[in-house]
Amino acid sequence: MPLSRLAALHGVATSFSASPGRTVAASDAAVVAVLAALGVAAGTPDAVRTALTARETELRERLLPPTLVCWSGPPTAAGSDHGPGAHESAPGADEDERARGENRSARSEARSEPDEARPAPDEARPAPDEARPGAGENGHGAGENPPGPIEGRPAPDGDAPAPGGSPSAARASAVGVSGGSAPAPGDHDPTSPTSPTSPTSPTSPTSPTSPTGLPGGSSLVSVLAALPAGTRLRIRTEQGETRASAEQLPLGVHELEATAPDGRTARAHLVVAPTRLPAAPGRTYGLLVQVYSLLSRRSWGMGDLGDLAELTAWAGRALGAGFVQVNPMHAAVPGAPTDPSPYRPSSRRYPDPVYLRVEDIPEFAYAGERDRDRVRTLLERAERLRESVLDKGALIDRDAVWELKREALELVRDVPLGPGRRAAYCDFLAEEGEALEDHATWCALAEMYGSDWQKWPAALRDPRSAETARARGELMDRVDFHSRLAWLTDAQLATAQRSARDAGMGVGLVHDLAVGVHPGGADAWAQQEYFAAGMSVGAPPDAFSVQGQDWGLPPWRPDRLAASGYAPYRRLLRALFRYAGALRIDHVMGLFRLWWIPQGRPATEGTYVRYDAEAMLAILALEAYRAGALVIGEDLGTVEPGVREKLHQHGVLGTSVLWFERDWDGTGLPLPPESWRADCLATATTHDLPPTASRLTGDHVELRDRLGLLTRPVEEERAEAAADVGEWLALLARLGLLQGAAGGLSEDSEEAQIQALHRFLLRTPARMIGVWLPDAVGDRRPQNLPGTWDQYPNWRLPVADSEGRPVTLEELAASPRLYALIDVVRAGRAVGGCAPDAGVSWSDAGVSVPDPAESGTDLAESGPDSGGAPPRTAPPGARPD
């Protein structure tokens, strides 16, 4: 059908696989609406034919797609010391992974927001991961040539002309560029190269193998092979060089110009990226925490960046932790009440100033000299706000916290900056440029017209209009105020990461990147050309959510991203990596495709739109390499075939949550530790799942019953939950992990069982082990309860003990229960987990456990004096947009 072919040529699916063997067709109305959001008119048969002819002509005549990818350097063996963060991996782990062929999946409870773990039906099991090809980093900067040949270098006889007399293919291989693969295949996805519904073969000139519309997608070697004979190339690198070939290009985003013999010319962005992202610095463990929930006796009613810096310093030095993973710190949409979810931000690029520790701002000390009474009043109000949460059972009130901090920050802004501080601020303004100006302008306009720019006066809805420029000038005082807040927050985030590294953490802060932004917020206003108007991101219906899900977040347009060389994506990653040792990407499958829903339509009336995953991953690898940072993908839930393998190939770690790791292909029982994947962050729970104590005791079922959220009789839910827990406890008992509970606990106690579950995590080959901080004190209240809005205080609860009493950072640092759990974690070796108990043979299980002297640093010895892996630093090299 013409509509299906037109959709395929624009990366829009006309059907999707709801479950293995069951294909669901997207409605024509949904496909037409999505095409319209991409600027393609398809409302009538004539419009479809016209658009199809235009697209086919464009692809046939186009020399180059807008963005190309060249992977630099062959994958190197694990344990290579090239590049940032490339340290020795667990001996035997890669061989075991190849021998096992990983058998795992992830299930979770129904999710109402994109940050929640989406369940996977039993039938939708992931394919086994590929063998880990190795670290693949090199030690050279962005402006230097990587060592050795570029992936894809031909043999000496590789100069023979391509069939038909064209030397294009030979030239493509002779320049030494990587082949790059097309996006991961999707079940019955017409944009997939393996889809049976693809209207053309993957090798035809207009095969819709990716949104580029060219065979091989964004692969440089494939595109060059298709150029006419005699085409001349000219490459301007971001380092300022001009070259005539792609031989030994430095890492970066360059400009490629092609001139065909018939006079046609084309320009494209050329992304040269390392084949793999930086690797984890040996095996490590860390803490997971929602920053707002961790209050100290110095907080102003919610956890702040001062508390985070204290936490990292203590966890690194006293606990030997290697990282602290936090919630998204993105700027929230202001208003009363403010949406407390950190996953629906106004801006993902700039952090939220509500997290500022006001007293740590140097100018605050001088504000007291100018207005002592007002400062004293502010501090007294802050104390009352803090006590209301910690001592009186009040919820965290972001609006009250922000009102108080904003008053204090207005006083701080009135204090002149010293020469050095002024110079640092000016540098920040110059570095951030138009992006910061736009963000601050939106904040200033929101103070006048509200926080939804779509309801502003028409002339102000365009960030580039003359009226907006005039308003910016009139509001320059407020624009400067919000620019100053971005600078101060950025500085305190950098301090927190520096505190982590100074405390000996090999990774430091793990920041979280939300799926998208609020449609009325700053990013959606400033970057309108990159967002699909009238669309929302969500999830299709499946066995666990028959109505599908609408997350209310506008998607990026893949065509506009590609045309810009992924400029907004690059700038976003660069901003986040500036103060991160690792980045967690929520719903990492969104790098491949997203479910678009026309606004006003139910989530069932959507369809998938494919992104150029090759380019998205290349940009991610490039920016992570430059920052020396890891990347963790949240890949829970239903994942299309090939995605996990592709992420694994490029060094993106996965996410494994204990309760969802079962043998879905066989018995359905809990997956034994030796069958877990190695390249992942393994945890017992997450921020949007029940705390471990709640799951063990069944409290999570009772909570959902009280709130009327159950869809089955409570007796059935209780029985299923008890059976789930019982199967895990039985496995723990067989492995001997319930014995020897720290602190003289009974094996049947909930605390002892939590310790045993973490012993189990140490038995797996997972490279990163995460401890949910509330689990360490027995908290039973989830931070977020899927399927609720005002029925439950999502994102507003402080960390608490088993009785629901808030626990401060100071009390955490003195908690016997916390130290007992951490002792369990630190007792595990950096490689191979805990020593096997009597009757349990690791060799019988196929797991290689090396001698401790050869295996790396003990988890208990990863502090600043351990002599372990040195801190990573970003390699030198230009980093222009």
# chains A, B, ... in the order shown; residues from 1 in each chain; ligands from 1
>>> closest_atom_pairs(of="segment 335-368 of chain A", to="segment 571-593 of chain A", cutoff="9 Å", atoms="only C-alpha atoms", output="Markdown table")
| residue | atom | partner | partner_atom | distance |
| --- | --- | --- | --- | --- |
| A:Arg348 | CA | A:Leu572 | CA | 7.2 |
| A:Arg349 | CA | A:Leu572 | CA | 5.2 |
| A:Tyr350 | CA | A:Ala575 | CA | 7.7 |
>>> residues_around(residues="segment 371-382 of chain A", least_positions_apart="4", cutoff="7 Å", atoms="only C-alpha atoms", output="PyMOL selection string")
chain A and resi 300-301+367+386+404
>>> atom_distance(atom1="atom CA of Ala435 of chain A", atom2="atom CA of Leu308 of chain A")
26.8 Å
>>> residues_around(residues="Ala318 of chain A", least_positions_apart="3", cutoff="10 Å", atoms="only C-alpha atoms", output="JSON list (two decimals) with N, CA and C atoms, in the first residue's frame")
[["chain", "number", "residue", "atom", "x", "y", "z"],
["A", 312, "THR", "N", 28.34, 11.38, 49.53],
["A", 312, "THR", "CA", 29.40, 10.78, 48.72],
["A", 312, "THR", "C", 30.71, 10.71, 49.49],
["A", 313, "ALA", "N", 31.02, 11.75, 50.25],
["A", 313, "ALA", "CA", 32.26, 11.74, 51.03],
["A", 313, "ALA", "C", 32.25, 10.63, 52.07],
["A", 314, "TRP", "N", 31.11, 10.48, 52.75],
["A", 314, "TRP", "CA", 31.00, 9.44, 53.78],
["A", 314, "TRP", "C", 30.97, 8.05, 53.15],
["A", 315, "ALA", "N", 30.17, 7.87, 52.10],
["A", 315, "ALA", "CA", 30.04, 6.55, 51.49],
["A", 315, "ALA", "C", 31.34, 6.09, 50.88],
["A", 321, "ALA", "N", 32.22, 2.63, 49.08],
["A", 321, "ALA", "CA", 31.33, 2.61, 47.92],
["A", 321, "ALA", "C", 32.03, 3.21, 46.71],
["A", 503, "ALA", "N", 36.90, 11.07, 47.69],
["A", 503, "ALA", "CA", 36.67, 10.04, 48.71],
["A", 503, "ALA", "C", 37.05, 8.66, 48.21],
["A", 813, "ALA", "N", 24.48, 7.57, 59.05],
["A", 813, "ALA", "CA", 25.92, 7.36, 59.23],
["A", 813, "ALA", "C", 26.23, 6.65, 60.54],
["A", 819, "TYR", "N", 25.18, -0.50, 58.64],
["A", 819, "TYR", "CA", 26.54, -1.04, 58.61],
["A", 819, "TYR", "C", 26.53, -2.56, 58.50],
["A", 860, "ALA", "N", 35.84, -4.04, 50.02],
["A", 860, "ALA", "CA", 36.09, -3.37, 51.28],
["A", 860, "ALA", "C", 37.34, -2.51, 51.24],
["A", 863, "GLY", "N", 38.50, 2.39, 49.07],
["A", 863, "GLY", "CA", 38.55, 3.77, 49.53],
["A", 863, "GLY", "C", 39.73, 4.51, 48.96]]
>>> residues_around(residues="Ala522 of chain A", least_positions_apart="6", cutoff="10 Å", atoms="only C-alpha atoms", output="number ranges by chain")
A: 331-333, 345-350, 438-443, 446, 451-453, 528
>>> atom_distance(atom1="atom CA of Thr14 of chain A", atom2="atom CA of Leu35 of chain A")
11.2 Å
>>> residues_around(residues="Ala562 of chain A", least_positions_apart="3", cutoff="9 Å", atoms="only C-alpha atoms", output="VMD selection string")
chain A and resid 65 to 68 212 269 557 to 559 565 to 567 612 615
>>> closest_residue(among="A:Leu256, A:Leu395, A:His648, A:Ala424", to="Tyr792 of chain A", atoms="only C-alpha atoms")
A:Leu395
>>> closest_residue(among="A:Ala18, A:Pro2, A:Ala730, A:Leu429", to="Pro45 of chain A", atoms="only C-alpha atoms")
A:Pro2
